[in-house]
Protein chains: 2
Amino acid sequence: MSEPTKFLLREEQIPTHWVNLLPDLPGDPLPPLHPGTKQPAGPDDLTPIFPMGLILQEVAQEPEVEIPEEVRQAYGLWRPTPLFRARRLEKALGTQTRIYYKYEGVSPAGSHKPNTAVPQAYENAKAGVKKLSTETGAGQWGSSLAFACSLFGLDCEVFMVGSSYDQKPYRRSMMQTWGATVHRSPSELTQSGKANAEHPTGSLGIAISEAVEVAAQDPDCNYSLGSVLNHVLLHQTVIGQEAILQMELAGDEPDVVIGCVGGGSNFAGLAFPFLRAGSKARFVAAEPAACPTLTRGVYSYDFGDTAGLTPLMPMYTLGHDFVPPPVHAGGLRYHGDAPMLCGLVKAGRIEARAYKQNETFEAAVRFARSEGIIPAPEPAHAIRAVIDEVERGDAKVILFGLCGHGNFDLAAYDAYLGGTLEDPEFSEADMDAALARLPEAPAIA
Amino acid sequence: MSEPTKFLLREEQIPTHWVNLLPDLPGDPLPPLHPGTKQPAGPDDLTPIFPMGLILQEVAQEPEVEIPEEVRQAYGLWRPTPLFRARRLEKALGTQTRIYYKYEGVSPAGSHKPNTAVPQAYENAKAGVKKLSTETGAGQWGSSLAFACSLFGLDCEVFMVGSSYDQKPYRRSMMQTWGATVHRSPSELTQSGKANAEHPTGSLGIAISEAVEVAAQDPDCNYSLGSVLNHVLLHQTVIGQEAILQMELAGDEPDVVIGCVGGGSNFAGLAFPFLRAGSKARFVAAEPAACPTLTRGVYSYDFGDTAGLTPLMPMYTLGHDFVPPPVHAGGLRYHGDAPMLCGLVKAGRIEARAYKQNETFEAAVRFARSEGIIPAPEPAHAIRAVIDEVERGDAKVILFGLCGHGNFDLAAYDAYLGGTLEDPEFSEADMDAALARLPEAPAIA
């Protein structure tokens with residue numbers, strides 16, 4: 001073609017290793033703390049719910065971790081994913097900036113989440129575990145884990161936030177089609193569920209507590225988390241490694257790399273390999289104004305879950321029991337962020353920007369009408385940031401992560417096109433409340 | 001990888017020509033007949049609703065038709081599509097048969113339909129047309145045309161069958177996201193709509209009549225059809241041409257080629273290039289038992305639409321006003337089939353088989369749990385035929401067309417998994433009624 005639109009790799013170019021950025025991070029690493037003793041938590045604290053294979057990845061200090069061949073084989077079901085030059089968007093924006101995007105929506109579950117669901121299911125199956133439990137909000141993570149479990153013969157039990165369970169029956173059907181059992185949370189199956197019967201619409205925090213409880217009590221069952229943790233970010237680095245090769249094919253080098261941030265695994269997956277390779281690019285993290293962890297949060301130790309059962313992690317946080325407004329980018333509604341990513345923001349290596357819901361969907365519709373793909377509401381934040389960079393005018397080459405399609409989010413588009421989307425923002429009162437809720441823990445710089 | 005799972009082509013390997021099988025067909029071609037005079041219909045009969053570029057493709061006698069560069073560029077948004085070796089399905093079936101599938105679900109609309117929507121939008125835009133009108137049932141074709149129109153700056157007006165409009169709001173939102181106007185059919189905008197106000201749930205036949213009426217009355221508007229016609233089948237041959245190259249990469253040659261058939265464009269798109277290349281394979285067309293056009297229909301001249309406004313076409317038909325039961329494979333609920341395909345079935349070059357709804361979904365769930373992708377109900381018929389071929393035991397290499405994903409069909413999976421799917425079949429009484437409804441026209445052999 002005279003003007004190539006997409007850059008494809010061969011199957012054998014699926015990465016052989018994950019990139020572990022831990023040894024590259026600035027400053028001394030801040031350990032997670034045991035929620036009870038507030039002392040550094042070690043691998044043994046994690047064995048009740050994680051297999052040793054994943055725990056070793058969680059604490060690995062090596063710069064690279066080999067990808068098991070069985071995982072690479074399963075990655076072959078959708079990887080390498082395509083990298084596109086957004087020629088039609090460039091034309092629509094009337095810009096000379098060259099815009100590229102790495103598209104993870106080609107996975108069976110429709111997002112980047114299977115990149116970690118597959119190695120998590122693999123390591124658990126290898127350790128003789130029979131079942132994985134997890135929580136899911138809108139269903140993106142639950143369906144990815146259901147898919148991965150079906151590949152490795154594991155049972156999968158998903159606690160789905162009640163309001164989503166009622167509103168998104170298709171995500172539930174998807175999990176069931178892959179053989180998973182889906183419970184509406186709060187359920188009557190766990191103490192955490194019963195204790196929260198007065199919150200019938202549920203929350204991610206309650207669902208996490210239910211899933212962890214099931215895993216902690218059943219020796220054949222482990223728990224699985226879809227973001228935030230080091231090993232999850234590690235698994236996602238297949239994205240950036242492929243993107244580096246594809247940008248070489250395109251003969252270009254990004255001077256701005258953009259991704260959306262919820263827990264941080266999608267962003268890290270794209271950015272970390274570029275950071276490892278010494279890229280001089282600016283890195284921009286886009287988040288919702290309704291849950292502006294990186295732009296408005298406090299850098300502090302905080303719990304990973306609402307109930308305060310998980311280790312304390314050093315991160316930007318809005319307070320572990322902050323409940324963000326129900327924006328449609330469900331994957332970006334987390335009160336904290338991955339500690340590794342937060343450290344890089346703290347060090348100034350990654351910029352963060354927050355966007356409101358309507359300006360985000362406006363960008364998403366422009367993208368859909370030029371490039372064809374209807375983006376999920378989460379990466380629509382990245383697209384908004386891309387358009388801002390273009391309008392600012394100093395970027396020559398932008399690369400962004402399009403981490404999933406919006407096939408299951410069309411009710412949100414319907415609301416946007418119908419003019420009924422709200423634009424909630426984080427307030428000073430929210431901030432004050434967040435500060436008041438922080439657990440006692442050692443201060444961090 | 002030691003065991004390659006997928007076979008990818010480079011963007012420059014997108015075909016440069018479409019394969020026109022018309023000159024290869026057995027016997028003398030049977031012309032379409034004018035619905036009023038019953039005399040052969042010529043290009044001039046089509047000019048009120050189609051641009052000359054497409055009419056010339058419709059009647060082309062050349063063995064190949066060049067693909068315009070603008071269309072190839074747009075194809076680059078999702079083509080070449082991947083060809084997979086279904087290693088996990090083979091393992092699940094415990095077979096030595098090698099199974100391959102060509103996956104068209106990676107297009108923005110999620111099926112093979114954009115392969116023809118794009119060149120149709122292009123030719124209309126080139127001819128100065130400002131708007132395209134069409135009908136859609138479940139929404140697959142309407143969303144593909146909406147997507148294609150957004151690429152070429154055309155307005156798009158879709159008449160969506162009333163019952164689907166009410167049941168599938170997400171497909172409607174998808175079309176609107178791409179900028180299309182969607183009307184619930186029957187509407188009050190057309191005579192055909194008003195005349196059918198007593199059928200509030202609508203039908204594909206009524207929706208076609210509405211869309212054709214709009215196009216015939218507005219000089220700036222043309223009509224667009226998603227299957228059946230020669231030029232539509234022509235456009236789909238990009239599928240089979242890519243598959244031939246990919247099977248070469250795999251070092252294999254299919255001895256059975258399988259696809260599902262509704263109007264026939266998906267099947268023809270895969271099969272025709274293999275037929276042109278002299279493949280010795282058996283070709284198997286899979287259709288629903290509820291609408292068994294090829295296995296139970298009469299080979300006769302019949303109208304393409306319910307109201308009897310279109311030319312008469314030589315085809316296997318169940319009667320132009322036959323309304324199939326509401327099986328979930330909405331794309332396979334057409335009373336006839338593409339004349340080119342019917343000719344090959346009549347000549348014995350293509351076999352046809354009909355499958356019931358539950359056995360089809362059983363195959364689809366086996367596929368989803370082994371290969372990951374959740375198939376649309378339409379290609380699930382092909383998967384059922386693949387499993388039958390494997391169980392029959394004489395196929396060494398099977399290639400089938402997986403023409404779309406099932407992300408918008410999860411309500412159907414829900415019904416299957418919940419045990420509430422019905423298994424309607426075509427009856428002798430249906431057949432008698434169909435014979436009684438055939439229009440008077442010259443007999444064909």
# chains A, B, ... in the order shown; residues from 1 in each chain; ligands from 1
>>> residues_around(residues="Ile239 (chain A)", least_positions_apart="2", cutoff="12 Å", atoms="only C-alpha atoms", output="ChimeraX atom specification")
/A:13-15,17-19,75,78-83,101-105,111-116,233-237,241-246,259,265-274,400-403
>>> select_by_dssp(residues="region 92-316 of chain B", states="strand (DSSP E)", output="compact mmCIF listing (two decimals) with all heavy atoms, in the first residue's frame")
# COMPACT_ATOMS: atom_id res chain seq x y z
N ARG B 98 -7.14 -31.44 10.88
CA ARG B 98 -6.63 -30.09 11.10
C ARG B 98 -7.73 -29.09 10.71
O ARG B 98 -8.24 -29.15 9.59
CB ARG B 98 -5.35 -29.87 10.29
CG ARG B 98 -4.23 -30.82 10.72
CD ARG B 98 -2.90 -30.50 10.09
NE ARG B 98 -2.83 -30.74 8.66
CZ ARG B 98 -2.71 -31.94 8.09
NH1 ARG B 98 -2.67 -33.03 8.84
NH2 ARG B 98 -2.65 -32.08 6.78
N ILE B 99 -8.07 -28.24 11.66
CA ILE B 99 -9.19 -27.31 11.46
C ILE B 99 -8.66 -25.88 11.41
O ILE B 99 -7.93 -25.45 12.31
CB ILE B 99 -10.22 -27.44 12.60
CG1 ILE B 99 -10.71 -28.89 12.72
CG2 ILE B 99 -11.40 -26.49 12.39
CD1 ILE B 99 -11.60 -29.15 13.94
N TYR B 100 -9.02 -25.15 10.39
CA TYR B 100 -8.64 -23.74 10.24
C TYR B 100 -9.89 -22.89 10.14
O TYR B 100 -10.92 -23.35 9.65
CB TYR B 100 -7.81 -23.54 8.96
CG TYR B 100 -6.48 -24.26 8.96
CD1 TYR B 100 -6.39 -25.59 8.55
CD2 TYR B 100 -5.32 -23.62 9.36
CE1 TYR B 100 -5.16 -26.25 8.55
CE2 TYR B 100 -4.09 -24.27 9.36
CZ TYR B 100 -4.02 -25.59 8.94
OH TYR B 100 -2.81 -26.23 8.95
N TYR B 101 -9.77 -21.66 10.62
CA TYR B 101 -10.89 -20.74 10.39
C TYR B 101 -10.41 -19.35 10.03
O TYR B 101 -9.42 -18.86 10.55
CB TYR B 101 -11.86 -20.69 11.58
CG TYR B 101 -11.29 -20.32 12.93
CD1 TYR B 101 -11.40 -19.01 13.42
CD2 TYR B 101 -10.69 -21.27 13.74
CE1 TYR B 101 -10.92 -18.67 14.67
CE2 TYR B 101 -10.20 -20.93 14.99
CZ TYR B 101 -10.31 -19.64 15.44
OH TYR B 101 -9.81 -19.30 16.68
N LYS B 102 -11.13 -18.76 9.11
CA LYS B 102 -10.86 -17.39 8.67
C LYS B 102 -11.82 -16.49 9.45
O LYS B 102 -13.04 -16.65 9.38
CB LYS B 102 -11.12 -17.30 7.17
CG LYS B 102 -10.97 -15.90 6.57
CD LYS B 102 -9.53 -15.45 6.49
CE LYS B 102 -9.39 -14.20 5.61
NZ LYS B 102 -8.07 -13.55 5.83
N TYR B 103 -11.24 -15.53 10.21
CA TYR B 103 -12.03 -14.76 11.17
C TYR B 103 -12.30 -13.33 10.67
O TYR B 103 -11.37 -12.52 10.58
CB TYR B 103 -11.31 -14.73 12.51
CG TYR B 103 -12.09 -14.01 13.60
CD1 TYR B 103 -13.45 -14.20 13.75
CD2 TYR B 103 -11.45 -13.15 14.48
CE1 TYR B 103 -14.17 -13.55 14.74
CE2 TYR B 103 -12.16 -12.50 15.48
CZ TYR B 103 -13.51 -12.70 15.60
OH TYR B 103 -14.23 -12.05 16.58
N LYS B 131 -26.47 10.35 0.12
CA LYS B 131 -27.06 9.57 1.20
C LYS B 131 -27.35 8.15 0.74
O LYS B 131 -27.71 7.93 -0.41
CB LYS B 131 -28.37 10.24 1.65
CG LYS B 131 -29.06 9.57 2.81
CD LYS B 131 -30.12 10.46 3.44
CE LYS B 131 -31.42 10.37 2.68
NZ LYS B 131 -32.51 11.08 3.40
N LEU B 132 -27.21 7.19 1.64
CA LEU B 132 -27.61 5.81 1.36
C LEU B 132 -28.71 5.41 2.33
O LEU B 132 -28.66 5.74 3.51
CB LEU B 132 -26.42 4.85 1.51
CG LEU B 132 -25.36 4.95 0.42
CD1 LEU B 132 -24.22 3.95 0.68
CD2 LEU B 132 -25.97 4.69 -0.97
N SER B 133 -29.70 4.71 1.80
CA SER B 133 -30.73 4.16 2.66
C SER B 133 -30.63 2.64 2.63
O SER B 133 -30.20 2.06 1.62
CB SER B 133 -32.12 4.59 2.20
OG SER B 133 -32.45 3.97 0.97
N THR B 134 -30.96 2.02 3.73
CA THR B 134 -30.96 0.56 3.75
C THR B 134 -31.88 0.08 4.86
O THR B 134 -32.37 0.88 5.66
CB THR B 134 -29.54 -0.01 3.92
OG1 THR B 134 -29.55 -1.40 3.52
CG2 THR B 134 -29.06 0.08 5.37
N GLU B 135 -32.09 -1.24 4.87
CA GLU B 135 -32.85 -1.87 5.95
C GLU B 135 -31.87 -2.63 6.81
O GLU B 135 -30.77 -2.96 6.39
CB GLU B 135 -33.89 -2.84 5.38
CG GLU B 135 -33.30 -4.14 4.83
CD GLU B 135 -32.53 -3.92 3.53
OE1 GLU B 135 -32.79 -2.92 2.84
OE2 GLU B 135 -31.66 -4.75 3.20
N THR B 136 -32.26 -2.95 8.02
CA THR B 136 -31.47 -3.87 8.82
C THR B 136 -32.41 -4.63 9.76
O THR B 136 -33.42 -4.08 10.20
CB THR B 136 -30.35 -3.14 9.60
OG1 THR B 136 -29.34 -4.09 9.96
CG2 THR B 136 -30.86 -2.47 10.88
N ASP B 155 -24.36 10.59 4.27
CA ASP B 155 -25.42 10.36 5.25
C ASP B 155 -25.91 8.93 5.10
O ASP B 155 -25.81 8.34 4.02
CB ASP B 155 -26.59 11.32 5.02
CG ASP B 155 -26.23 12.75 5.38
OD1 ASP B 155 -25.27 12.92 6.16
OD2 ASP B 155 -26.89 13.67 4.87
N CYS B 156 -26.44 8.40 6.17
CA CYS B 156 -26.91 7.02 6.14
C CYS B 156 -28.23 6.94 6.89
O CYS B 156 -28.35 7.44 8.00
CB CYS B 156 -25.86 6.11 6.81
SG CYS B 156 -26.29 4.36 6.78
N GLU B 157 -29.24 6.35 6.24
CA GLU B 157 -30.57 6.27 6.82
C GLU B 157 -30.96 4.80 6.87
O GLU B 157 -31.05 4.14 5.84
CB GLU B 157 -31.54 7.08 5.96
CG GLU B 157 -32.84 7.42 6.66
CD GLU B 157 -33.59 8.55 5.94
OE1 GLU B 157 -32.98 9.26 5.11
OE2 GLU B 157 -34.80 8.70 6.20
N VAL B 158 -31.18 4.32 8.07
CA VAL B 158 -31.42 2.89 8.25
C VAL B 158 -32.83 2.65 8.76
O VAL B 158 -33.23 3.23 9.77
CB VAL B 158 -30.41 2.27 9.24
CG1 VAL B 158 -30.64 0.77 9.37
CG2 VAL B 158 -28.97 2.56 8.80
N PHE B 159 -33.57 1.79 8.08
CA PHE B 159 -34.88 1.35 8.56
C PHE B 159 -34.66 0.01 9.28
O PHE B 159 -34.29 -0.97 8.66
CB PHE B 159 -35.87 1.22 7.41
CG PHE B 159 -36.27 2.56 6.86
CD1 PHE B 159 -35.50 3.18 5.88
CD2 PHE B 159 -37.39 3.22 7.35
CE1 PHE B 159 -35.85 4.44 5.40
CE2 PHE B 159 -37.74 4.48 6.88
CZ PHE B 159 -36.97 5.09 5.90
N MET B 160 -34.86 0.04 10.59
CA MET B 160 -34.57 -1.13 11.42
C MET B 160 -35.89 -1.81 11.80
O MET B 160 -36.82 -1.15 12.30
CB MET B 160 -33.81 -0.70 12.67
CG MET B 160 -33.30 -1.84 13.53
SD MET B 160 -32.21 -1.20 14.87
CE MET B 160 -31.58 -2.76 15.53
N VAL B 161 -35.93 -3.11 11.57
CA VAL B 161 -37.14 -3.89 11.87
C VAL B 161 -37.58 -3.59 13.31
O VAL B 161 -36.78 -3.68 14.24
CB VAL B 161 -36.87 -5.39 11.69
CG1 VAL B 161 -38.07 -6.22 12.15
CG2 VAL B 161 -36.53 -5.70 10.24
N THR B 181 -28.78 7.87 10.80
CA THR B 181 -30.12 8.10 11.32
C THR B 181 -30.85 6.76 11.27
O THR B 181 -30.84 6.08 10.24
CB THR B 181 -30.87 9.12 10.44
OG1 THR B 181 -30.09 10.32 10.41
CG2 THR B 181 -32.24 9.43 11.02
N VAL B 182 -31.45 6.37 12.38
CA VAL B 182 -32.10 5.07 12.44
C VAL B 182 -33.59 5.26 12.69
O VAL B 182 -33.99 5.96 13.61
CB VAL B 182 -31.49 4.21 13.57
CG1 VAL B 182 -32.07 2.80 13.55
CG2 VAL B 182 -29.97 4.15 13.45
N HIS B 183 -34.40 4.65 11.82
CA HIS B 183 -35.86 4.72 11.97
C HIS B 183 -36.40 3.36 12.38
O HIS B 183 -35.97 2.34 11.84
CB HIS B 183 -36.54 5.12 10.67
CG HIS B 183 -36.04 6.40 10.09
ND1 HIS B 183 -36.22 7.61 10.72
CD2 HIS B 183 -35.34 6.65 8.95
CE1 HIS B 183 -35.66 8.56 9.97
NE2 HIS B 183 -35.12 8.01 8.90
N ARG B 184 -37.36 3.38 13.27
CA ARG B 184 -38.07 2.16 13.59
C ARG B 184 -39.03 1.87 12.44
O ARG B 184 -39.83 2.73 12.05
CB ARG B 184 -38.85 2.33 14.90
CG ARG B 184 -39.41 1.04 15.46
CD ARG B 184 -40.26 1.31 16.70
NE ARG B 184 -40.72 0.07 17.29
CZ ARG B 184 -41.66 -0.72 16.78
NH1 ARG B 184 -42.24 -0.39 15.65
NH2 ARG B 184 -42.01 -1.84 17.40
N SER B 185 -38.97 0.65 11.89
CA SER B 185 -39.83 0.26 10.78
C SER B 185 -40.90 -0.72 11.25
O SER B 185 -40.58 -1.65 11.99
CB SER B 185 -38.99 -0.39 9.66
OG SER B 185 -39.82 -0.95 8.66
N CYS B 221 -30.26 10.28 -2.98
CA CYS B 221 -30.16 9.09 -2.13
C CYS B 221 -30.21 7.82 -2.95
O CYS B 221 -31.06 7.69 -3.84
CB CYS B 221 -31.30 9.11 -1.11
SG CYS B 221 -31.35 7.69 0.00
N ASN B 222 -29.31 6.90 -2.67
CA ASN B 222 -29.37 5.57 -3.27
C ASN B 222 -29.67 4.53 -2.21
O ASN B 222 -29.61 4.82 -1.01
CB ASN B 222 -28.05 5.23 -3.98
CG ASN B 222 -28.09 5.59 -5.47
OD1 ASN B 222 -29.18 5.79 -6.03
ND2 ASN B 222 -26.93 5.65 -6.08
N TYR B 223 -29.93 3.31 -2.70
CA TYR B 223 -30.24 2.19 -1.82
C TYR B 223 -29.02 1.25 -1.78
O TYR B 223 -28.23 1.21 -2.72
CB TYR B 223 -31.47 1.45 -2.35
CG TYR B 223 -31.77 0.15 -1.66
CD1 TYR B 223 -32.26 0.12 -0.36
CD2 TYR B 223 -31.56 -1.07 -2.32
CE1 TYR B 223 -32.53 -1.09 0.27
CE2 TYR B 223 -31.83 -2.27 -1.70
CZ TYR B 223 -32.32 -2.28 -0.41
OH TYR B 223 -32.58 -3.47 0.22
N VAL B 256 -12.19 -29.85 2.85
CA VAL B 256 -13.58 -29.43 3.04
C VAL B 256 -13.57 -27.93 3.38
O VAL B 256 -12.79 -27.50 4.24
CB VAL B 256 -14.27 -30.20 4.19
CG1 VAL B 256 -15.75 -29.82 4.26
CG2 VAL B 256 -14.13 -31.71 4.03
N VAL B 257 -14.42 -27.15 2.71
CA VAL B 257 -14.58 -25.72 3.00
C VAL B 257 -16.03 -25.51 3.43
O VAL B 257 -16.95 -25.94 2.72
CB VAL B 257 -14.26 -24.84 1.77
CG1 VAL B 257 -14.55 -23.38 2.07
CG2 VAL B 257 -12.80 -25.03 1.35
N ILE B 258 -16.20 -24.89 4.61
CA ILE B 258 -17.53 -24.78 5.20
C ILE B 258 -17.86 -23.33 5.54
O ILE B 258 -17.01 -22.60 6.04
CB ILE B 258 -17.61 -25.64 6.50
CG1 ILE B 258 -17.38 -27.13 6.16
CG2 ILE B 258 -18.94 -25.45 7.22
CD1 ILE B 258 -17.32 -28.04 7.38
N GLY B 259 -19.08 -22.93 5.26
CA GLY B 259 -19.53 -21.60 5.66
C GLY B 259 -21.03 -21.61 5.91
O GLY B 259 -21.73 -22.54 5.48
N CYS B 260 -21.50 -20.60 6.64
CA CYS B 260 -22.95 -20.50 6.82
C CYS B 260 -23.53 -19.69 5.67
O CYS B 260 -22.83 -18.92 5.03
CB CYS B 260 -23.28 -19.85 8.16
SG CYS B 260 -22.72 -18.15 8.33
N ARG B 282 -14.48 -30.37 -1.07
CA ARG B 282 -15.93 -30.34 -0.98
C ARG B 282 -16.33 -29.01 -0.34
O ARG B 282 -15.65 -28.52 0.56
CB ARG B 282 -16.44 -31.48 -0.09
CG ARG B 282 -16.38 -32.85 -0.75
CD ARG B 282 -17.17 -33.88 0.05
NE ARG B 282 -16.56 -34.15 1.34
CZ ARG B 282 -17.16 -33.96 2.50
NH1 ARG B 282 -18.40 -33.48 2.56
NH2 ARG B 282 -16.53 -34.23 3.63
N PHE B 283 -17.43 -28.44 -0.79
CA PHE B 283 -17.90 -27.17 -0.23
C PHE B 283 -19.24 -27.42 0.45
O PHE B 283 -20.15 -27.99 -0.17
CB PHE B 283 -18.05 -26.12 -1.34
CG PHE B 283 -16.72 -25.68 -1.88
CD1 PHE B 283 -16.08 -26.43 -2.88
CD2 PHE B 283 -16.07 -24.57 -1.38
CE1 PHE B 283 -14.83 -26.05 -3.37
CE2 PHE B 283 -14.83 -24.19 -1.85
CZ PHE B 283 -14.20 -24.93 -2.85
N VAL B 284 -19.34 -27.03 1.71
CA VAL B 284 -20.53 -27.33 2.50
C VAL B 284 -21.16 -26.03 3.01
O VAL B 284 -20.50 -25.25 3.72
CB VAL B 284 -20.18 -28.24 3.69
CG1 VAL B 284 -21.43 -28.50 4.54
CG2 VAL B 284 -19.57 -29.55 3.21
N ALA B 285 -22.40 -25.81 2.65
CA ALA B 285 -23.15 -24.62 3.10
C ALA B 285 -24.06 -25.02 4.25
O ALA B 285 -24.85 -25.96 4.13
CB ALA B 285 -23.98 -24.06 1.94
N ALA B 286 -23.93 -24.31 5.39
CA ALA B 286 -24.73 -24.64 6.58
C ALA B 286 -25.79 -23.58 6.79
O ALA B 286 -25.50 -22.38 6.81
CB ALA B 286 -23.81 -24.73 7.79
N GLU B 287 -27.04 -24.03 6.96
CA GLU B 287 -28.15 -23.10 7.10
C GLU B 287 -29.05 -23.56 8.26
O GLU B 287 -28.93 -24.69 8.72
CB GLU B 287 -28.93 -23.00 5.79
CG GLU B 287 -29.56 -24.32 5.35
CD GLU B 287 -30.32 -24.18 4.03
OE1 GLU B 287 -30.16 -23.15 3.35
OE2 GLU B 287 -31.09 -25.10 3.71
N PRO B 288 -29.95 -22.67 8.72
CA PRO B 288 -30.81 -23.07 9.84
C PRO B 288 -31.99 -23.94 9.38
O PRO B 288 -32.56 -23.68 8.32
CB PRO B 288 -31.32 -21.73 10.39
CG PRO B 288 -31.11 -20.73 9.31
CD PRO B 288 -30.13 -21.27 8.33
N VAL B 298 -37.47 -24.44 -3.28
CA VAL B 298 -37.76 -24.74 -4.68
C VAL B 298 -36.82 -23.90 -5.54
O VAL B 298 -36.64 -22.71 -5.26
CB VAL B 298 -39.21 -24.36 -5.01
CG1 VAL B 298 -39.54 -24.73 -6.45
CG2 VAL B 298 -40.17 -25.03 -4.04
N TYR B 299 -36.22 -24.48 -6.58
CA TYR B 299 -35.36 -23.71 -7.48
C TYR B 299 -36.27 -23.06 -8.52
O TYR B 299 -36.81 -23.74 -9.40
CB TYR B 299 -34.33 -24.62 -8.13
CG TYR B 299 -33.23 -23.86 -8.86
CD1 TYR B 299 -32.47 -22.90 -8.20
CD2 TYR B 299 -32.95 -24.12 -10.20
CE1 TYR B 299 -31.47 -22.21 -8.84
CE2 TYR B 299 -31.94 -23.43 -10.86
CZ TYR B 299 -31.20 -22.48 -10.19
OH TYR B 299 -30.21 -21.80 -10.84
N SER B 300 -36.43 -21.74 -8.42
CA SER B 300 -37.45 -21.07 -9.21
C SER B 300 -37.16 -19.57 -9.26
O SER B 300 -36.40 -19.04 -8.45
CB SER B 300 -38.82 -21.31 -8.54
OG SER B 300 -39.81 -20.52 -9.13
N TYR B 301 -37.79 -18.86 -10.20
CA TYR B 301 -37.76 -17.40 -10.17
C TYR B 301 -38.64 -16.91 -9.03
O TYR B 301 -39.78 -17.38 -8.88
CB TYR B 301 -38.28 -16.82 -11.49
CG TYR B 301 -37.19 -16.55 -12.50
CD1 TYR B 301 -37.09 -17.33 -13.66
CD2 TYR B 301 -36.28 -15.52 -12.31
CE1 TYR B 301 -36.10 -17.09 -14.60
CE2 TYR B 301 -35.28 -15.27 -13.24
CZ TYR B 301 -35.19 -16.05 -14.39
OH TYR B 301 -34.22 -15.80 -15.31
N ASP B 302 -38.13 -15.98 -8.22
CA ASP B 302 -38.97 -15.40 -7.16
C ASP B 302 -38.48 -13.98 -6.87
O ASP B 302 -37.37 -13.59 -7.22
CB ASP B 302 -38.89 -16.26 -5.89
CG ASP B 302 -40.06 -16.00 -4.92
OD1 ASP B 302 -40.92 -15.16 -5.22
OD2 ASP B 302 -40.09 -16.67 -3.86
N PHE B 303 -39.34 -13.23 -6.22
CA PHE B 303 -38.97 -11.86 -5.84
C PHE B 303 -37.91 -11.87 -4.75
O PHE B 303 -37.88 -12.78 -3.90
CB PHE B 303 -40.20 -11.10 -5.31
CG PHE B 303 -41.28 -10.90 -6.32
CD1 PHE B 303 -42.49 -11.56 -6.22
CD2 PHE B 303 -41.08 -10.03 -7.40
CE1 PHE B 303 -43.51 -11.37 -7.15
CE2 PHE B 303 -42.10 -9.83 -8.34
CZ PHE B 303 -43.30 -10.51 -8.22
N LEU B 312 -37.27 -10.35 -10.33
CA LEU B 312 -37.35 -11.79 -10.02
C LEU B 312 -35.98 -12.39 -10.22
O LEU B 312 -35.30 -12.10 -11.22
CB LEU B 312 -38.35 -12.46 -10.97
CG LEU B 312 -39.82 -12.06 -10.79
CD1 LEU B 312 -40.61 -12.38 -12.07
CD2 LEU B 312 -40.40 -12.79 -9.60
N MET B 313 -35.56 -13.22 -9.30
CA MET B 313 -34.24 -13.81 -9.39
C MET B 313 -34.35 -15.34 -9.39
O MET B 313 -35.21 -15.90 -8.69
CB MET B 313 -33.37 -13.34 -8.25
CG MET B 313 -33.07 -11.84 -8.36
SD MET B 313 -31.96 -11.29 -7.07
CE MET B 313 -33.00 -11.49 -5.65
N PRO B 314 -33.45 -16.00 -10.14
CA PRO B 314 -33.47 -17.47 -10.15
C PRO B 314 -32.75 -17.99 -8.91
O PRO B 314 -31.56 -17.74 -8.74
CB PRO B 314 -32.69 -17.81 -11.42
CG PRO B 314 -31.74 -16.67 -11.61
CD PRO B 314 -32.41 -15.45 -11.02
N MET B 315 -33.48 -18.67 -8.04
CA MET B 315 -32.84 -19.09 -6.79
C MET B 315 -33.65 -20.17 -6.09
O MET B 315 -34.80 -20.43 -6.45
CB MET B 315 -32.67 -17.88 -5.87
CG MET B 315 -33.96 -17.16 -5.49
SD MET B 315 -33.62 -15.67 -4.48
CE MET B 315 -35.28 -15.04 -4.26
N TYR B 316 -33.05 -20.80 -5.10
CA TYR B 316 -33.80 -21.64 -4.19
C TYR B 316 -34.60 -20.71 -3.29
O TYR B 316 -34.02 -19.79 -2.69
CB TYR B 316 -32.88 -22.52 -3.34
CG TYR B 316 -32.30 -23.67 -4.10
CD1 TYR B 316 -31.04 -23.57 -4.69
CD2 TYR B 316 -33.01 -24.86 -4.26
CE1 TYR B 316 -30.50 -24.62 -5.40
CE2 TYR B 316 -32.48 -25.92 -4.98
CZ TYR B 316 -31.22 -25.80 -5.55
OH TYR B 316 -30.70 -26.84 -6.26
>>> residues_around(residues="Leu189 (chain B)", least_positions_apart="5", cutoff="10 Å", atoms="only C-alpha atoms", output="ChimeraX atom specification")
/B:183,194,210,213-214
>>> residues_around(residues="Tyr334 (chain A)", least_positions_apart="6", cutoff="12 Å", atoms="only C-alpha atoms", output="ChimeraX atom specification")
/A:137,203-205,226-228,261-264,287-288,290-294,297,303-306,315-327
>>> atom_distance(atom1="CA of Ser279 (chain A)", atom2="CA of Ala92 (chain A)")
28.5 Å
>>> residues_around(residues="Leu25 (chain B)", least_positions_apart="3", cutoff="12 Å", atoms="only C-alpha atoms", output="PyMOL selection string")
chain B and resi 20-22+28-30+61+63+272+275-276+339-349
